[in-house]
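Enquirer: Encoded as structure tokens, here's the structure I'll be asking about.
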Amino acid sequence: MSIPSSLNEAMIRGYATSQSWQKGEDYYFNGCVRSITERGGMITAEVSGNHYKPYQVHLSFEGEELDICYCSCPYDYGGICKHQVATLLVCLREPHKLEPRPTIEQILDRLNEVQTQALIQQLVAKKPELINDIEHFANRVAPPVTVESQTDKTSRKVTVNPSSIRSRVYYILKDSENAYEYGEYIEEDFTTEEIENLIEEAQEFSQQGDSWNAITMLTAITEACVENWHLVEDYGVDYDNVASTLNKVWSEILLNTEDISEAEKVDLEVNFEFWNNQWEGYFAMAAAALSQGWDYPPLKQILQGDIVSLWSEETPRYAEKLALLRLEILQQQHKFTEYLHLADATGLVAEYLTMLVSLDRVSEAMQYAQSKMNTMEQALAFSKALVYEQNAQPEALAIAKRGLNLPGNCQYNLAGWMSQIAEEIGDTVTAIQGKIKAFQEEPTFSSYRKIEQLAADNWTNIKEEVLAALAKSDGWRVKEAKIDIYLYEGLIEKAISLVNNLAYYEQSLVHKVMDAAINTHPDWVISNACPRAESIMKEGKAKYYENAIEWLKKARNAYISSNRKQEWLDYRTKLMTVHCRKRKFIGLMKKEVI
């Protein structure tokens, strides 16, 4: 069984927002998880939702943690969605419902070659679009049928069919247009995802040393996208992501292609000029990679160790991305001296430092950092390289300390890293300092407890400092941490002040504070729980009556804990009289509330 024994409701809540948890639990109780199977550690479920087709959920665990968590719904607001919550609840509460099924390997192992071929033919007969995927797979793993592609000065052998590629792009865009036109719900990023899968196929050719198949395929993809994007543009599908990916992959492939003739270069330059005009300059980096190649005189000087400017005019905005692509290629070719020259000349300090560390030139890297390291991000990359590459914790700790005084946007990560190293080498004072800095940037309950653990007997001396830092923190992500910490420390009134005006989707936080405040602040619980329940009853929406019951339970417990049971009974009688025609509510009151 792939479900860890430690799976519990608290763990599932931790993966989801309070709203997703609430809706997911509703889905679970309403039986929306229609089928659930397990194949080789992968749990698959169909969950009914707002769409006419059930959503597909895929889950798997790595040890005790959730590893893969996918749902075909468009949810993208943090944490797992309600369909995934409902599926996990079935795994937790009704594991017997998981139907064990054989893996694809086990299924195919039962078939001989003839049966496998028959299976594929039947699948293609039902879904003709699969033929293109099968053809491209066969082209990659089996001897291909060769097609000649002529240029003015040379001939290239390619195995991909450009017309087929253009058709695939066209039908991706046409299918998306039809889905929008006829009101069929589709995933927001469906179009981009499908086309980027094609671009990855072109990348695979390049990675296998087959640049001309890659160029032929990428040309067909780009042509078809530029020509046909209008099919989906009116429906709000932007080409930004696809264009950016094409630009990067074009640049990468061109830098890895050595034998581009002048005629081929001219053809590509004409294409890039046209595509740039159509798509607002998105292919500028690719055009530069083509025109410069590796023989560009300033670049050759830099690679030989001369510090010159790579750009004769103003440095373009893509300069750093292009330099990083060149560094990747130089590293793959083990040209480490040229790598260092280019990183130094283009100001890529983190790359320069980490390469020195990987070459076991730590003292040289430490000296370089003294004058050139100027951001937190550089310090974090350098410090991690020192630990992972050379196990040099003292040097890494010194770099992390210095980095916290530099400008940057990774204080939380850098401070946490510094604390981790310091703790490993027994420097408790620095470990605490790092944890506090990280806590100041992003407070969490676990970080608070960690500081308490590290401080040990000195906790009373720094506790107020940490609580003061917590009070200054703001933002929706901090609320839960604040509430957990205040309740842990018995600061009920501070927790109450945070939840008085929380919205409906944050009701789990209000419940948490009410549970803690029932004995100490019963009047607050009653004065807040009862109006929330009554507002639900006033709206008369039966599907929310269970939420009203939960608020009334809080009020009941507060009445009873303060020895006012009769007041509760009187209030309960009043509610049932006023809402006597609401049968679902009356039934829930009798069943759930004393």
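Here's how to read the names in the structure tokens: chain A, B, ... by the order shown, residue numbers from 1 in each chain, ligand numbers from 1 in the order shown.
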For stretch 459-464 of chain A, find every residue with an atom within 12 Å (counting only C-alpha atoms), except residues of its own chain fewer than 4 positions away, and show them as a list in words.

Expert: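 So the residues in contact are Val429, Ile432, Gln433, Ile436, Tyr448, Arg449, Lys450, Ile451, Glu452, Gln453, Leu454, Ala455, Ala468, Ala469, Leu470, Ala471, Ile485 and Glu489 of chain A.
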
Enquirer: Produce a file of the selected residues containing C-alpha atoms, as a PDB file, in the first residue's frame.

Expert:
ATOM      1  CA  VAL A 429      24.474  31.546  18.948  1.00  0.00           C
ATOM      2  CA  ILE A 432      19.676  31.311  16.716  1.00  0.00           C
ATOM      3  CA  GLN A 433      20.558  34.589  15.004  1.00  0.00           C
ATOM      4  CA  ILE A 436      15.446  34.867  14.092  1.00  0.00           C
ATOM      5  CA  TYR A 448       9.207  29.725  16.435  1.00  0.00           C
ATOM      6  CA  ARG A 449       9.462  26.326  18.111  1.00  0.00           C
ATOM      7  CA  LYS A 450      12.876  25.778  16.541  1.00  0.00           C
ATOM      8  CA  ILE A 451      14.183  29.044  17.998  1.00  0.00           C
ATOM      9  CA  GLU A 452      12.795  28.011  21.380  1.00  0.00           C
ATOM     10  CA  GLN A 453      14.534  24.650  21.078  1.00  0.00           C
ATOM     11  CA  LEU A 454      17.877  26.204  20.100  1.00  0.00           C
ATOM     12  CA  ALA A 455      17.689  28.848  22.825  1.00  0.00           C
ATOM     13  CA  ALA A 468       7.999  41.650  18.816  1.00  0.00           C
ATOM     14  CA  ALA A 469       9.218  40.572  15.377  1.00  0.00           C
ATOM     15  CA  LEU A 470       6.037  38.534  14.976  1.00  0.00           C
ATOM     16  CA  ALA A 471       3.844  41.518  15.851  1.00  0.00           C
ATOM     17  CA  ILE A 485       2.045  31.076  18.288  1.00  0.00           C
ATOM     18  CA  GLU A 489       1.885  31.028  24.468  1.00  0.00           C
TER      19      GLU A 489
END

Enquirer: Tell me which protein, DNA and RNA residues are within 12 Å of stretch 134-138 of chain A, counting only C-alpha atoms, leaving out same-chain ones fewer than 4 positions away, and put them as number ranges by chain.

Expert: A: 117, 120-121, 123-124, 127-130, 142-145, 159-161, 164-165, 168, 198, 201-202, 204-205, 213, 217

Enquirer: Skip stretch 380-393 of chain A itself and residues of its chain fewer than 4 positions away, then list as a list of chain:residue names all residues within 7 Å of it, counting only C-alpha atoms.

Expert: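 Near neighbours after the sequence-gap exclusion: A:Ala350, A:Leu353, A:Thr354, A:Val357, A:Ser358, A:Met376, A:Leu397, A:Ile399, A:Ala400, A:Leu414, A:Ile421.
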
Enquirer: Leaving out stretch 502-506 of chain A and any residue of its chain fewer than 3 positions from it, which residues lie within 10 Å of it when counting only C-alpha atoms, given as a PDB file with N, CA and C atoms, in the first residue's frame?

Expert:
ATOM      1  N   THR A  17      -5.399  25.072   1.656  1.00  0.00           N
ATOM      2  CA  THR A  17      -5.920  26.258   2.324  1.00  0.00           C
ATOM      3  C   THR A  17      -7.171  25.847   3.095  1.00  0.00           C
ATOM      4  N   SER A  18      -7.593  26.707   3.995  1.00  0.00           N
ATOM      5  CA  SER A  18      -8.782  26.377   4.789  1.00  0.00           C
ATOM      6  C   SER A  18     -10.015  26.234   3.894  1.00  0.00           C
ATOM      7  N   GLN A  19     -10.080  27.037   2.814  1.00  0.00           N
ATOM      8  CA  GLN A  19     -11.231  26.967   1.917  1.00  0.00           C
ATOM      9  C   GLN A  19     -11.228  25.649   1.143  1.00  0.00           C
ATOM     10  N   SER A  20     -10.041  25.247   0.630  1.00  0.00           N
ATOM     11  CA  SER A  20      -9.961  23.983  -0.100  1.00  0.00           C
ATOM     12  C   SER A  20     -10.283  22.814   0.815  1.00  0.00           C
ATOM     13  N   TRP A  21      -9.821  22.899   2.068  1.00  0.00           N
ATOM     14  CA  TRP A  21     -10.119  21.825   3.020  1.00  0.00           C
ATOM     15  C   TRP A  21     -11.628  21.692   3.215  1.00  0.00           C
ATOM     16  N   GLN A  22     -12.309  22.827   3.459  1.00  0.00           N
ATOM     17  CA  GLN A  22     -13.743  22.798   3.727  1.00  0.00           C
ATOM     18  C   GLN A  22     -14.518  22.233   2.534  1.00  0.00           C
ATOM     19  N   LYS A  23     -14.165  22.740   1.328  1.00  0.00           N
ATOM     20  CA  LYS A  23     -14.880  22.269   0.139  1.00  0.00           C
ATOM     21  C   LYS A  23     -14.541  20.816  -0.170  1.00  0.00           C
ATOM     22  N   LYS A 479      -1.082  35.192   9.217  1.00  0.00           N
ATOM     23  CA  LYS A 479      -2.179  35.093  10.191  1.00  0.00           C
ATOM     24  C   LYS A 479      -2.162  33.773  10.945  1.00  0.00           C
ATOM     25  N   GLU A 480      -2.080  32.677  10.209  1.00  0.00           N
ATOM     26  CA  GLU A 480      -2.141  31.375  10.861  1.00  0.00           C
ATOM     27  C   GLU A 480      -0.963  31.171  11.793  1.00  0.00           C
ATOM     28  N   LEU A 498      -7.030  39.009  16.177  1.00  0.00           N
ATOM     29  CA  LEU A 498      -6.691  38.702  14.786  1.00  0.00           C
ATOM     30  C   LEU A 498      -7.851  38.124  14.000  1.00  0.00           C
ATOM     31  N   VAL A 499      -8.780  37.444  14.691  1.00  0.00           N
ATOM     32  CA  VAL A 499      -9.821  36.707  13.956  1.00  0.00           C
ATOM     33  C   VAL A 499     -11.190  37.366  13.990  1.00  0.00           C
ATOM     34  N   LEU A 509      -9.656  29.196  11.092  1.00  0.00           N
ATOM     35  CA  LEU A 509      -8.826  29.926  12.057  1.00  0.00           C
ATOM     36  C   LEU A 509      -9.679  30.438  13.217  1.00  0.00           C
ATOM     37  N   VAL A 510     -10.888  30.906  12.885  1.00  0.00           N
ATOM     38  CA  VAL A 510     -11.793  31.379  13.945  1.00  0.00           C
ATOM     39  C   VAL A 510     -12.168  30.211  14.850  1.00  0.00           C
ATOM     40  N   HIS A 511     -12.479  29.055  14.266  1.00  0.00           N
ATOM     41  CA  HIS A 511     -12.794  27.863  15.055  1.00  0.00           C
ATOM     42  C   HIS A 511     -11.655  27.524  16.008  1.00  0.00           C
ATOM     43  N   ARG A 532     -22.720  34.677  13.522  1.00  0.00           N
ATOM     44  CA  ARG A 532     -22.269  34.004  12.302  1.00  0.00           C
ATOM     45  C   ARG A 532     -23.271  32.918  11.894  1.00  0.00           C
TER      46      ARG A 532
END

Enquirer: Under the rule that only C-alpha atoms are counted, which of A:Glu193, A:Leu299, A:Tyr339, A:Tyr282 is the nearest residue to A:Arg317?

Expert: A:Tyr282

Enquirer: Check the DSSP output for the backbone and give back, as a count of residues only, the residues of stretch 346-540 of chain A in alpha helix (DSSP H).

Expert: 150

Enquirer: Of the candidates A:Val270, A:Val578, A:Leu588, A:Ile560, which shows the shortest atom-to-atom distance to A:Tyr544, using only C-alpha atoms?

Expert: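 For A:Tyr544, the nearest of the given residues is A:Leu588.
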
Enquirer: Extract, using only C-alpha atoms, all DNA, RNA and protein residues at most 12 Å from stretch 273-278 of chain A, discarding same-chain residues fewer than 6 positions from it, and format them as a list in words.

Expert: Thr219, Ile221, Thr222, Glu223, Ala224, Cys225, Val226, Glu227, Asn228, Trp229, His230, Tyr239, Ala243, Ser244, Leu246, Asn247, Val266, Asp267, Ala284, Met285, Ala286, Ala287, Ala288 and Leu290 of chain A

Enquirer: What's the separation between atom CA of A:Lys265 and atom CA of A:Pro298, in Å to one decimal place?

Expert: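 We find that atom CA of A:Lys265 and atom CA of A:Pro298 lie 20.1 Å from each other.
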
Enquirer: Given only C-alpha atoms as the basis, pick out the residue of A:Leu218, A:Leu404, A:Leu92, A:Leu59 nearest to A:Gly416.

Expert: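 Smallest separation from A:Gly416 among the options: A:Leu404.
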
Enquirer: Near stretch 441-444 of chain A, within 8 Å and counting only C-alpha atoms, which residues show up once chain neighbours fewer than 5 positions away are dropped, as a ChimeraX atom specification?

Expert: /A:411-412,470,473,478,481-482

Enquirer: Given only C-alpha atoms as the basis, pick out the residue of A:Ile496, A:Val90, A:Leu406, A:Leu467 nearest to A:Asn30.

Expert: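 Smallest separation from A:Asn30 among the options: A:Val90.
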
Enquirer: With distances taken over only C-alpha atoms, which residue among A:Tyr486, A:Tyr55, A:Trp417, A:Tyr70 lies nearest A:Phe445?

Expert: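 Checking each of A:Tyr486, A:Tyr55, A:Trp417, A:Tyr70 against A:Phe445, counting only C-alpha atoms, the winner is A:Tyr486.
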
Enquirer: Just how far from atom CA of A:Leu255 is atom CA of A:Arg361, in Å to one decimal?

Expert: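 That distance, rounded to one decimal, is 28.5 Å.
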
Enquirer: Counting only C-alpha atoms, figure out which residue out of A:Gln208, A:Ser5, A:Thr192, A:Gln333 gets nearest to A:Val232.

Expert: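 Answer, going by the shortest atom-to-atom distance: A:Thr192.
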